[in-house]
Amino acid sequence: MIKGLYEAHLPVSDLQKSIIFYEKLGLELAYVQNKLAFFWIVKGESWLGLWESEEAKLDYHPSIRHIAFKIDEEDLASVKEWLQSIDIEIKTAFGYSPAQQPLVLPNNPHAHAAIYFADPDGNSIELITPLRLDVEEDFPMMSINDRYKKMMDTRLA
């Protein structure tokens with residue numbers, strides 16, 4: 001019966017500042033009322049609710065202050081430049097510096113590539129794309145550049 005995720009919510013301390021930030025990411029503002037704003041992630045399919053609250057500065061934990069937006073694999077080549085062009089700073093994640101991202105995450109049996117940054121309140125934002133599904137080969141977490149190099153070395157061997 002479940003067809004996907006329709007909505008997710010994040011706490012924010014300044015709704016107007018957050019609206020500007022999420023519009024920079026290309027999300028369409030769908031609804032604003034008092035201390036609440038909704039943005040379409042995919043219009044008619046999924047949206048993000050931002051709730052202005054004095055309690056927005058909760059200690060970070062991915063279960064309450066993290067959201068991952070899906071991107072296409074072909075966008076990995078330009079995602080860093082795009083984030084820099086809209087003045088969004090990539091953050092260190094899993095010990096990998098901004099220069100080493102996007103990362104390849106070995107969530108076996110799946111693999112994903114992702115890059116991480118934060119919104120104005122420190123909510124963790126991830127842009128992620130699946131690289132493969134249902135493959136049992138183990139591998140360590142690595143930068144996407146290291147993955148591409150490994151793939152090239154394998155082809156040349």
# chains A, B, ... in the order shown; residues from 1 in each chain; ligands from 1
$ residues_around --residues "Leu103 of chain A" --least-positions-apart "4" --cutoff "8 Å" --atoms "only C-alpha atoms" --output "JSON list (two decimals) with all heavy atoms, in the first residue's frame"
[["chain", "number", "residue", "atom", "x", "y", "z"],
["A", 96, "TYR", "N", 34.95, 12.76, 6.13],
["A", 96, "TYR", "CA", 35.36, 13.17, 4.79],
["A", 96, "TYR", "C", 35.14, 14.67, 4.63],
["A", 96, "TYR", "O", 34.05, 15.18, 4.89],
["A", 96, "TYR", "CB", 34.57, 12.42, 3.72],
["A", 96, "TYR", "CG", 34.99, 10.98, 3.59],
["A", 96, "TYR", "CD1", 34.53, 10.01, 4.48],
["A", 96, "TYR", "CD2", 35.84, 10.59, 2.57],
["A", 96, "TYR", "CE1", 34.93, 8.69, 4.38],
["A", 96, "TYR", "CE2", 36.24, 9.26, 2.45],
["A", 96, "TYR", "CZ", 35.79, 8.32, 3.35],
["A", 96, "TYR", "OH", 36.18, 7.02, 3.24],
["A", 113, "ALA", "N", 25.62, 7.55, -3.50],
["A", 113, "ALA", "CA", 26.56, 8.66, -3.44],
["A", 113, "ALA", "C", 25.82, 9.84, -2.84],
["A", 113, "ALA", "O", 24.64, 10.07, -3.15],
["A", 113, "ALA", "CB", 27.09, 8.99, -4.82],
["A", 114, "ALA", "N", 26.51, 10.59, -1.98],
["A", 114, "ALA", "CA", 25.84, 11.69, -1.28],
["A", 114, "ALA", "C", 26.82, 12.82, -0.98],
["A", 114, "ALA", "O", 28.03, 12.61, -0.89],
["A", 114, "ALA", "CB", 25.23, 11.18, 0.01],
["A", 115, "ILE", "N", 26.24, 13.99, -0.79],
["A", 115, "ILE", "CA", 26.99, 15.17, -0.38],
["A", 115, "ILE", "C", 26.17, 15.85, 0.71],
["A", 115, "ILE", "O", 24.93, 15.78, 0.69],
["A", 115, "ILE", "CB", 27.28, 16.10, -1.58],
["A", 115, "ILE", "CG1", 28.32, 17.16, -1.22],
["A", 115, "ILE", "CG2", 26.00, 16.69, -2.14],
["A", 115, "ILE", "CD1", 28.91, 17.84, -2.44],
["A", 141, "MET", "N", 33.59, 2.86, 2.68],
["A", 141, "MET", "CA", 33.14, 4.18, 2.28],
["A", 141, "MET", "C", 34.31, 4.87, 1.60],
["A", 141, "MET", "O", 35.47, 4.68, 1.98],
["A", 141, "MET", "CB", 32.70, 4.98, 3.51],
["A", 141, "MET", "CG", 32.08, 6.33, 3.17],
["A", 141, "MET", "SD", 31.52, 7.26, 4.62],
["A", 141, "MET", "CE", 30.33, 6.14, 5.32],
["A", 142, "MET", "N", 34.02, 5.66, 0.56],
["A", 142, "MET", "CA", 35.08, 6.34, -0.18],
["A", 142, "MET", "C", 34.50, 7.57, -0.87],
["A", 142, "MET", "O", 33.29, 7.71, -0.97],
["A", 142, "MET", "CB", 35.69, 5.40, -1.22],
["A", 142, "MET", "CG", 34.73, 4.98, -2.33],
["A", 142, "MET", "SD", 35.41, 3.79, -3.51],
["A", 142, "MET", "CE", 35.31, 2.28, -2.57],
["A", 143, "SER", "N", 35.39, 8.42, -1.37],
["A", 143, "SER", "CA", 34.93, 9.56, -2.15],
["A", 143, "SER", "C", 34.47, 9.06, -3.52],
["A", 143, "SER", "O", 34.89, 7.99, -3.98],
["A", 143, "SER", "CB", 36.04, 10.59, -2.32],
["A", 143, "SER", "OG", 37.01, 10.11, -3.23],
["A", 144, "ILE", "N", 33.62, 9.81, -4.17],
["A", 144, "ILE", "CA", 33.16, 9.41, -5.50],
["A", 144, "ILE", "C", 34.34, 9.36, -6.47],
["A", 144, "ILE", "O", 34.40, 8.51, -7.35],
["A", 144, "ILE", "CB", 32.02, 10.32, -6.01],
["A", 144, "ILE", "CG1", 31.33, 9.71, -7.24],
["A", 144, "ILE", "CG2", 32.51, 11.72, -6.32],
["A", 144, "ILE", "CD1", 30.48, 8.53, -6.96]]
$ select_by_dssp --residues "segment 43-137 of chain A" --states "strand (DSSP E or B)" --output "PDB file with N, CA, C and O atoms, in the first residue's frame"
ATOM      1  N   SER A  46       5.459  14.947  -2.959  1.00  0.00           N
ATOM      2  CA  SER A  46       6.140  15.017  -1.673  1.00  0.00           C
ATOM      3  C   SER A  46       6.472  16.466  -1.335  1.00  0.00           C
ATOM      4  O   SER A  46       6.770  17.266  -2.219  1.00  0.00           O
ATOM      5  N   TRP A  47       6.404  16.754  -0.040  1.00  0.00           N
ATOM      6  CA  TRP A  47       6.765  18.103   0.381  1.00  0.00           C
ATOM      7  C   TRP A  47       7.436  18.115   1.732  1.00  0.00           C
ATOM      8  O   TRP A  47       7.439  17.126   2.464  1.00  0.00           O
ATOM      9  N   LEU A  48       8.049  19.262   2.020  1.00  0.00           N
ATOM     10  CA  LEU A  48       8.815  19.471   3.244  1.00  0.00           C
ATOM     11  C   LEU A  48       8.133  20.558   4.047  1.00  0.00           C
ATOM     12  O   LEU A  48       7.876  21.648   3.524  1.00  0.00           O
ATOM     13  N   GLY A  49       7.857  20.278   5.321  1.00  0.00           N
ATOM     14  CA  GLY A  49       7.284  21.272   6.219  1.00  0.00           C
ATOM     15  C   GLY A  49       8.366  21.853   7.113  1.00  0.00           C
ATOM     16  O   GLY A  49       9.164  21.127   7.691  1.00  0.00           O
ATOM     17  N   LEU A  50       8.391  23.175   7.206  1.00  0.00           N
ATOM     18  CA  LEU A  50       9.316  23.880   8.100  1.00  0.00           C
ATOM     19  C   LEU A  50       8.483  24.543   9.191  1.00  0.00           C
ATOM     20  O   LEU A  50       7.545  25.294   8.891  1.00  0.00           O
ATOM     21  N   TRP A  51       8.821  24.269  10.423  1.00  0.00           N
ATOM     22  CA  TRP A  51       8.072  24.776  11.568  1.00  0.00           C
ATOM     23  C   TRP A  51       8.948  25.714  12.384  1.00  0.00           C
ATOM     24  O   TRP A  51       9.950  25.287  12.969  1.00  0.00           O
ATOM     25  N   GLU A  52       8.588  26.998  12.401  1.00  0.00           N
ATOM     26  CA  GLU A  52       9.337  27.955  13.214  1.00  0.00           C
ATOM     27  C   GLU A  52       9.030  27.707  14.682  1.00  0.00           C
ATOM     28  O   GLU A  52       7.861  27.603  15.081  1.00  0.00           O
ATOM     29  N   HIS A  66      17.405  15.653  10.044  1.00  0.00           N
ATOM     30  CA  HIS A  66      18.091  15.252   8.815  1.00  0.00           C
ATOM     31  C   HIS A  66      17.062  14.960   7.740  1.00  0.00           C
ATOM     32  O   HIS A  66      16.020  14.378   8.002  1.00  0.00           O
ATOM     33  N   ILE A  67      17.395  15.386   6.512  1.00  0.00           N
ATOM     34  CA  ILE A  67      16.562  15.051   5.363  1.00  0.00           C
ATOM     35  C   ILE A  67      17.486  14.832   4.172  1.00  0.00           C
ATOM     36  O   ILE A  67      18.529  15.479   4.046  1.00  0.00           O
ATOM     37  N   ALA A  68      17.144  13.874   3.335  1.00  0.00           N
ATOM     38  CA  ALA A  68      17.932  13.569   2.134  1.00  0.00           C
ATOM     39  C   ALA A  68      17.049  13.767   0.912  1.00  0.00           C
ATOM     40  O   ALA A  68      15.973  13.185   0.820  1.00  0.00           O
ATOM     41  N   PHE A  69      17.524  14.601  -0.006  1.00  0.00           N
ATOM     42  CA  PHE A  69      16.831  14.824  -1.270  1.00  0.00           C
ATOM     43  C   PHE A  69      17.504  13.986  -2.342  1.00  0.00           C
ATOM     44  O   PHE A  69      18.734  13.979  -2.457  1.00  0.00           O
ATOM     45  N   LYS A  70      16.714  13.303  -3.153  1.00  0.00           N
ATOM     46  CA  LYS A  70      17.253  12.469  -4.226  1.00  0.00           C
ATOM     47  C   LYS A  70      17.662  13.339  -5.406  1.00  0.00           C
ATOM     48  O   LYS A  70      16.954  14.265  -5.786  1.00  0.00           O
ATOM     49  N   ILE A  90      29.531  23.069   1.883  1.00  0.00           N
ATOM     50  CA  ILE A  90      29.521  21.623   2.092  1.00  0.00           C
ATOM     51  C   ILE A  90      30.175  21.364   3.441  1.00  0.00           C
ATOM     52  O   ILE A  90      31.177  21.991   3.787  1.00  0.00           O
ATOM     53  N   ALA A  93      31.555  15.173   6.556  1.00  0.00           N
ATOM     54  CA  ALA A  93      30.625  14.104   6.917  1.00  0.00           C
ATOM     55  C   ALA A  93      31.373  12.784   6.980  1.00  0.00           C
ATOM     56  O   ALA A  93      32.154  12.468   6.077  1.00  0.00           O
ATOM     57  N   TYR A  96      34.955  12.763   6.131  1.00  0.00           N
ATOM     58  CA  TYR A  96      35.364  13.166   4.785  1.00  0.00           C
ATOM     59  C   TYR A  96      35.139  14.673   4.634  1.00  0.00           C
ATOM     60  O   TYR A  96      34.046  15.178   4.889  1.00  0.00           O
ATOM     61  N   LEU A 103      30.439  11.444  -1.382  1.00  0.00           N
ATOM     62  CA  LEU A 103      30.894  10.174  -0.821  1.00  0.00           C
ATOM     63  C   LEU A 103      30.124   9.024  -1.437  1.00  0.00           C
ATOM     64  O   LEU A 103      28.988   9.198  -1.871  1.00  0.00           O
ATOM     65  N   VAL A 104      30.722   7.842  -1.395  1.00  0.00           N
ATOM     66  CA  VAL A 104      30.006   6.620  -1.748  1.00  0.00           C
ATOM     67  C   VAL A 104      29.768   5.876  -0.443  1.00  0.00           C
ATOM     68  O   VAL A 104      30.707   5.563   0.291  1.00  0.00           O
ATOM     69  N   LEU A 105      28.500   5.633  -0.144  1.00  0.00           N
ATOM     70  CA  LEU A 105      28.093   5.011   1.110  1.00  0.00           C
ATOM     71  C   LEU A 105      27.790   3.536   0.878  1.00  0.00           C
ATOM     72  O   LEU A 105      26.905   3.206   0.088  1.00  0.00           O
ATOM     73  N   ALA A 111      24.384   0.767  -2.663  1.00  0.00           N
ATOM     74  CA  ALA A 111      25.424   1.799  -2.611  1.00  0.00           C
ATOM     75  C   ALA A 111      24.792   3.096  -3.089  1.00  0.00           C
ATOM     76  O   ALA A 111      24.014   3.110  -4.043  1.00  0.00           O
ATOM     77  N   HIS A 112      25.116   4.159  -2.403  1.00  0.00           N
ATOM     78  CA  HIS A 112      24.601   5.479  -2.736  1.00  0.00           C
ATOM     79  C   HIS A 112      25.761   6.459  -2.751  1.00  0.00           C
ATOM     80  O   HIS A 112      26.757   6.249  -2.071  1.00  0.00           O
ATOM     81  N   ALA A 113      25.620   7.551  -3.498  1.00  0.00           N
ATOM     82  CA  ALA A 113      26.563   8.664  -3.440  1.00  0.00           C
ATOM     83  C   ALA A 113      25.822   9.843  -2.841  1.00  0.00           C
ATOM     84  O   ALA A 113      24.641  10.073  -3.148  1.00  0.00           O
ATOM     85  N   ALA A 114      26.507  10.593  -1.977  1.00  0.00           N
ATOM     86  CA  ALA A 114      25.842  11.689  -1.284  1.00  0.00           C
ATOM     87  C   ALA A 114      26.820  12.817  -0.977  1.00  0.00           C
ATOM     88  O   ALA A 114      28.029  12.605  -0.891  1.00  0.00           O
ATOM     89  N   ILE A 115      26.244  13.991  -0.794  1.00  0.00           N
ATOM     90  CA  ILE A 115      26.995  15.174  -0.376  1.00  0.00           C
ATOM     91  C   ILE A 115      26.173  15.849   0.714  1.00  0.00           C
ATOM     92  O   ILE A 115      24.934  15.780   0.694  1.00  0.00           O
ATOM     93  N   TYR A 116      26.841  16.474   1.685  1.00  0.00           N
ATOM     94  CA  TYR A 116      26.176  16.958   2.888  1.00  0.00           C
ATOM     95  C   TYR A 116      26.412  18.444   3.125  1.00  0.00           C
ATOM     96  O   TYR A 116      27.511  18.950   2.901  1.00  0.00           O
ATOM     97  N   PHE A 117      25.369  19.108   3.617  1.00  0.00           N
ATOM     98  CA  PHE A 117      25.451  20.510   4.014  1.00  0.00           C
ATOM     99  C   PHE A 117      24.377  20.744   5.063  1.00  0.00           C
ATOM    100  O   PHE A 117      23.672  19.807   5.449  1.00  0.00           O
ATOM    101  N   ALA A 118      24.263  21.966   5.549  1.00  0.00           N
ATOM    102  CA  ALA A 118      23.287  22.268   6.596  1.00  0.00           C
ATOM    103  C   ALA A 118      22.449  23.471   6.200  1.00  0.00           C
ATOM    104  O   ALA A 118      22.898  24.337   5.449  1.00  0.00           O
ATOM    105  N   SER A 124      20.678  18.837   9.068  1.00  0.00           N
ATOM    106  CA  SER A 124      21.527  18.152   8.097  1.00  0.00           C
ATOM    107  C   SER A 124      20.745  17.888   6.810  1.00  0.00           C
ATOM    108  O   SER A 124      19.688  17.264   6.837  1.00  0.00           O
ATOM    109  N   ILE A 125      21.301  18.377   5.701  1.00  0.00           N
ATOM    110  CA  ILE A 125      20.684  18.185   4.401  1.00  0.00           C
ATOM    111  C   ILE A 125      21.641  17.343   3.565  1.00  0.00           C
ATOM    112  O   ILE A 125      22.844  17.597   3.528  1.00  0.00           O
ATOM    113  N   GLU A 126      21.100  16.354   2.902  1.00  0.00           N
ATOM    114  CA  GLU A 126      21.883  15.433   2.086  1.00  0.00           C
ATOM    115  C   GLU A 126      21.273  15.396   0.689  1.00  0.00           C
ATOM    116  O   GLU A 126      20.062  15.356   0.540  1.00  0.00           O
ATOM    117  N   LEU A 127      22.129  15.429  -0.318  1.00  0.00           N
ATOM    118  CA  LEU A 127      21.709  15.167  -1.692  1.00  0.00           C
ATOM    119  C   LEU A 127      22.260  13.794  -2.015  1.00  0.00           C
ATOM    120  O   LEU A 127      23.467  13.560  -1.895  1.00  0.00           O
ATOM    121  N   ILE A 128      21.403  12.856  -2.410  1.00  0.00           N
ATOM    122  CA  ILE A 128      21.799  11.456  -2.526  1.00  0.00           C
ATOM    123  C   ILE A 128      21.252  10.840  -3.802  1.00  0.00           C
ATOM    124  O   ILE A 128      20.180  11.210  -4.274  1.00  0.00           O
ATOM    125  N   THR A 129      22.015   9.902  -4.356  1.00  0.00           N
ATOM    126  CA  THR A 129      21.565   9.147  -5.518  1.00  0.00           C
ATOM    127  C   THR A 129      21.969   7.691  -5.368  1.00  0.00           C
ATOM    128  O   THR A 129      23.070   7.389  -4.896  1.00  0.00           O
ATOM    129  N   PRO A 130      21.095   6.772  -5.735  1.00  0.00           N
ATOM    130  CA  PRO A 130      21.486   5.370  -5.708  1.00  0.00           C
ATOM    131  C   PRO A 130      22.484   5.081  -6.834  1.00  0.00           C
ATOM    132  O   PRO A 130      22.344   5.599  -7.936  1.00  0.00           O
ATOM    133  N   LEU A 131      23.498   4.270  -6.515  1.00  0.00           N
ATOM    134  CA  LEU A 131      24.486   3.847  -7.515  1.00  0.00           C
ATOM    135  C   LEU A 131      24.250   2.411  -7.947  1.00  0.00           C
ATOM    136  O   LEU A 131      24.511   2.051  -9.078  1.00  0.00           O
ATOM    137  N   ARG A 132      23.827   1.596  -7.022  1.00  0.00           N
ATOM    138  CA  ARG A 132      23.524   0.201  -7.332  1.00  0.00           C
ATOM    139  C   ARG A 132      22.593  -0.334  -6.254  1.00  0.00           C
ATOM    140  O   ARG A 132      22.561   0.173  -5.131  1.00  0.00           O
TER     141      ARG A 132
END
$ atom_distance --atom1 "atom CA of Thr154 of chain A" --atom2 "atom CA of Lys80 of chain A"
26.2 Å
$ select_by_dssp --residues "segment 62-144 of chain A" --states "alpha helix (DSSP H)" --output "JSON, numbers by chain"
{"A": [79, 80, 81, 82, 83, 84, 85, 144]}
$ residues_around --residues "segment 40-43 of chain A" --least-positions-apart "5" --cutoff "9 Å" --atoms "only C-alpha atoms" --output "count of residues only"
8
$ atom_distance --atom1 "atom CA of Leu156 of chain A" --atom2 "atom CA of Pro140 of chain A"
21.2 Å
$ closest_residue --among "A:Glu45, A:Asp72, A:Asp59, A:Asp119" --to "Ile88 of chain A" --atoms "only C-alpha atoms"
A:Asp119
